[in-house]
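Participant: Below: one structure in structure tokens.
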Amino acid sequence: MLIVPEREIADLMTRSAAFDAVEKVFAAMAAGEAVNFPVVREALGHEDALYGFKGGFDRAGMSLGLKAGGYWPRNMERRGLINHQSTVFLFDPDTGQVRAMVGGNLLTALRTAAASSVSIRHLARADAKVIGMIGAGHQAAFQLRAALEQRDFEKVIGWNLHPEMLPGLEKVATEAGLPFEAVALEGLRAADVLITITSSFDAILLEEHVGPGTHIACMGTDTRGKQEVATALVARASLFTDEVAQAVSIGECQHAVAEGRVRESDITQIGAVINATHPGRVSDDEVTLFDGTGVGLQDLAVASAVVDLALARGTAIEVEF
Ligand code: NAD
């Protein structure tokens with residue numbers, strides 16, 4: 001069995017390798033070659049932790065496995081460990097034998113950023129110049145770095161419920177040589193691309209905050225009850241997602257579906273756009289919305305890629321098992 005420890009991931013994995021892995025697995029999902037297994041997510045009744053598994057099988061990329069992990073809210077305060085903890089296990093699809101164990105913490109941020117980045121590449125207007133961020137926590141910096149590679153952006157704007165966190169985004173913008181402006185929600189109308197990445201349970205982004213032709217990547221809503229975008233805005237947009245079943249149950253579309261404003265059949269898998277079986281954006285005035293719910297196959301895809309990189313560099317640890 002191969003082991004790629006968490007401490008090695010930052011040196012091995014690149015944004016472009018994560019992008020390629022996620023784009024390929026989204027394409028495989030839409031082509032019917034890759035499936036996600038039902039998600040397990042349970043409150044442990046210990047340490048207030050939420051724990052679960054996300055798994056799947058990608059016949060095209062030949063990755064089989066699962067990500068096990070969750071959220072331990074007091075890790076940082078008590079032990080100096082990050083609160084989200086996860087590990088990916090890969091199995092040999094031919095034999096069922098375990099192939100690799102891979103640190104999943106940084107990979108989760110990279111695969112989540114790759115998902116919105118894939119949506120921007122395939123759905124944002126080619127002439128997008130201003131990117132707007134809603135949220136400025138741990139994931140937001142990863143999101144912004146990856147998104148900036150997709151278009152010739154000239155400016156970053158941002159809003160966060162806790163404005164003291166915005167300098168984290170400004171730092172990413174400055175590193176990319178771009179100006180950053182903190183704005184009120186109304187100011188987000190200037191954005192050609194918006195990314196929402198908060199842990200909100202109420203709509204933040206309303207219809208009047210979004211201009212025509214904008215692409216919105218909704219990345220924060222990954223659980224029943226969470227919400228970042230008003231249902232009227234979801235209903236106005238052309239809808240895309242990683243997986244329709246998750247979009248309607250745990251993603252941003254869940255509320256618009258529950259209100260009867262959107263039907264499951266209104267939502268397209270982004271893989272169909274990647275595979276060119278769906279045209280994606282069809283006009284410059286259209287608002288496109290990508291509901292990025294986060295699927296297990298993304299985790300397997302980036303973990304497989306990092307195992308290949310570790311083998312190529314000779315840094316994978318091999319153990320008899
Ligand atoms: P974080 O705790 O580091 O940051 C949370 C962000 O949400 C901050 O910007 C904070 O100001 C904001 N926020 C907190 N409470 C809010 C509220 N009530 N209203 C509006 N904003 C609020 O978290 P993170 O690691 O950056 O994760 C952000 C979100 O992304 C979480 O909801 C997480 O579950 C989700 N996530 C999604 C995926 C996916 O694949 N879609 C993957 C990883 C994380």
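Letters for chains follow the order of the structure tokens (A, B, ...), residue numbers begin at 1 for each chain, and ligand numbers begin at 1 in the order shown.
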Go through chain A and flag each residue having an atom no more than 7 Å from ligand 1; for those, report the closest pair of atoms plus their distance in Å to one decimal, using only C-alpha atoms and all ligand atoms, ordered by chain and rising number, as a Markdown table.
Facilitator:
```
| residue | atom | partner | partner_atom_place_in_ligand_line | distance |
| --- | --- | --- | --- | --- |
| A:Thr108 | CA | ligand 1 | 43 (C) | 6.4 |
| A:Ala109 | CA | ligand 1 | 43 (C) | 6.2 |
| A:Thr112 | CA | ligand 1 | 40 (O) | 4.8 |
| A:Gly135 | CA | ligand 1 | 9 (O) | 3.6 |
| A:Ala136 | CA | ligand 1 | 9 (O) | 3.8 |
| A:Gly137 | CA | ligand 1 | 4 (O) | 3.4 |
| A:His138 | CA | ligand 1 | 3 (O) | 3.7 |
| A:Gln139 | CA | ligand 1 | 26 (O) | 3.7 |
| A:Ala140 | CA | ligand 1 | 26 (O) | 5.5 |
| A:Asn160 | CA | ligand 1 | 11 (O) | 5.5 |
| A:Leu161 | CA | ligand 1 | 11 (O) | 5.0 |
| A:His162 | CA | ligand 1 | 11 (O) | 4.6 |
| A:Met165 | CA | ligand 1 | 11 (O) | 6.9 |
| A:Ile197 | CA | ligand 1 | 28 (C) | 5.0 |
| A:Thr198 | CA | ligand 1 | 7 (O) | 3.3 |
| A:Ser199 | CA | ligand 1 | 32 (O) | 3.4 |
| A:Ser200 | CA | ligand 1 | 19 (N) | 3.8 |
| A:Phe201 | CA | ligand 1 | 18 (N) | 6.0 |
| A:Asp202 | CA | ligand 1 | 19 (N) | 6.8 |
| A:Ile204 | CA | ligand 1 | 20 (C) | 6.8 |
| A:Met219 | CA | ligand 1 | 41 (N) | 4.3 |
| A:Gly220 | CA | ligand 1 | 30 (O) | 3.7 |
| A:Thr221 | CA | ligand 1 | 32 (O) | 5.7 |
| A:Asp222 | CA | ligand 1 | 41 (N) | 5.2 |
| A:Gly292 | CA | ligand 1 | 41 (N) | 4.9 |
| A:Thr293 | CA | ligand 1 | 41 (N) | 4.1 |
| A:Gly294 | CA | ligand 1 | 40 (O) | 3.2 |
| A:Val295 | CA | ligand 1 | 40 (O) | 6.8 |
```
Participant: Using only C-alpha atoms, which residues sit within 9 Å of A:Val156 once same-chain residues fewer than 4 positions away are excluded, as a list in words?
Facilitator: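 Near neighbours after the sequence-gap exclusion: Lys129, Val130, Ile131, Gly132, Met133, Leu144, Leu169, Glu170, Ala173, Leu178, Pro179, Phe180, Glu181, Ala182 and Ala191 of chain A.
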Participant: Atom CA of A:Val25 and atom CA of A:Gly69, how far apart in Å?
Facilitator: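 Calculated distance between atom CA of A:Gly69 and atom CA of A:Val25 is 21.1 Å.
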Participant: If you run DSSP on the backbone, which residues of stretch 76-199 of chain A are helix (DSSP H, G or I), as a PyMOL selection string?
Facilitator: chain A and resi 76-79+105-123+138-148+163-165+167-175+185-190
Participant: Can you pull out every residue within 10 Å of A:Leu185, counting only C-alpha atoms, but drop anything in the same chain fewer than 2 positions away, and send it as a list in words?
Facilitator: Ile134, Gly158, Trp159, Asn160, Ala182, Val183, Gly187, Leu188, Arg189, Ile204, Leu205, Leu206, Glu208, His209 and Val210 of chain A
Participant: Between A:Glu77, A:Glu186, A:Glu8, A:Asp58, which residue has the minimum interatomic distance to A:Ala27, considering only C-alpha atoms?
Facilitator: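 Among the listed residues, the smallest separation from A:Ala27 belongs to A:Asp58.
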Participant: Identify all residues of stretch 72-229 of chain A in strand (DSSP E or B) (DSSP on the backbone) and supply them as a PyMOL selection string.
Facilitator: chain A and resi 84-91+98-103+130-134+155-159+180-182+193-196+201-205+215-218+227-229
Participant: Which residue, A:Gly314, A:Pro38, A:Gly168, A:Gly177, has the smallest gap to A:Phe142 when you use only C-alpha atoms?
Facilitator: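 Checking each candidate against A:Phe142, we get A:Gly168 as the closest.
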Participant: Pick out the residues sitting within 7 Å of stretch 268-272 of chain A, and hand them over as a list in words; count only C-alpha atoms, and ignore anything fewer than 5 positions along from it in its own chain.
Facilitator: Phe26, Ala27, Met29, Ala30, Leu239, Phe240, Thr241, Asp242, Glu243, Val244, Thr277 and His278 of chain A
Participant: Write out, as an mmCIF file, in the first residue's frame, the residues just selected, with N, CA and C atoms.
Facilitator:
```cif
data_model
loop_
_atom_site.group_PDB
_atom_site.id
_atom_site.type_symbol
_atom_site.label_atom_id
_atom_site.label_comp_id
_atom_site.auth_asym_id
_atom_site.auth_seq_id
_atom_site.Cartn_x
_atom_site.Cartn_y
_atom_site.Cartn_z
ATOM 1 N N PHE A 26 -15.708 15.202 -13.846
ATOM 2 C CA PHE A 26 -17.036 15.766 -14.142
ATOM 3 C C PHE A 26 -17.501 15.264 -15.521
ATOM 4 N N ALA A 27 -16.565 15.224 -16.466
ATOM 5 C CA ALA A 27 -16.904 14.739 -17.812
ATOM 6 C C ALA A 27 -17.327 13.273 -17.746
ATOM 7 N N MET A 29 -18.610 11.690 -15.206
ATOM 8 C CA MET A 29 -19.925 11.586 -14.556
ATOM 9 C C MET A 29 -21.039 11.812 -15.576
ATOM 10 N N ALA A 30 -20.870 12.851 -16.406
ATOM 11 C CA ALA A 30 -21.934 13.174 -17.369
ATOM 12 C C ALA A 30 -22.027 12.113 -18.464
ATOM 13 N N LEU A 239 -29.031 26.887 -14.849
ATOM 14 C CA LEU A 239 -28.460 26.144 -13.713
ATOM 15 C C LEU A 239 -27.585 24.966 -14.135
ATOM 16 N N PHE A 240 -26.425 24.887 -13.501
ATOM 17 C CA PHE A 240 -25.467 23.807 -13.740
ATOM 18 C C PHE A 240 -24.993 23.313 -12.381
ATOM 19 N N THR A 241 -24.522 22.069 -12.353
ATOM 20 C CA THR A 241 -24.069 21.518 -11.073
ATOM 21 C C THR A 241 -23.043 20.411 -11.316
ATOM 22 N N ASP A 242 -22.425 19.978 -10.206
ATOM 23 C CA ASP A 242 -21.570 18.786 -10.320
ATOM 24 C C ASP A 242 -22.456 17.549 -10.399
ATOM 25 N N GLU A 243 -23.440 17.438 -9.484
ATOM 26 C CA GLU A 243 -24.357 16.285 -9.490
ATOM 27 C C GLU A 243 -25.760 16.746 -9.134
ATOM 28 N N VAL A 244 -26.701 16.459 -10.016
ATOM 29 C CA VAL A 244 -28.071 16.965 -9.842
ATOM 30 C C VAL A 244 -28.693 16.468 -8.531
ATOM 31 N N THR A 277 -22.067 18.181 -25.013
ATOM 32 C CA THR A 277 -23.409 17.668 -25.323
ATOM 33 C C THR A 277 -24.468 18.674 -24.867
ATOM 34 N N HIS A 278 -24.037 19.735 -24.173
ATOM 35 C CA HIS A 278 -24.903 20.859 -23.806
ATOM 36 C C HIS A 278 -24.131 22.135 -24.149
#
```
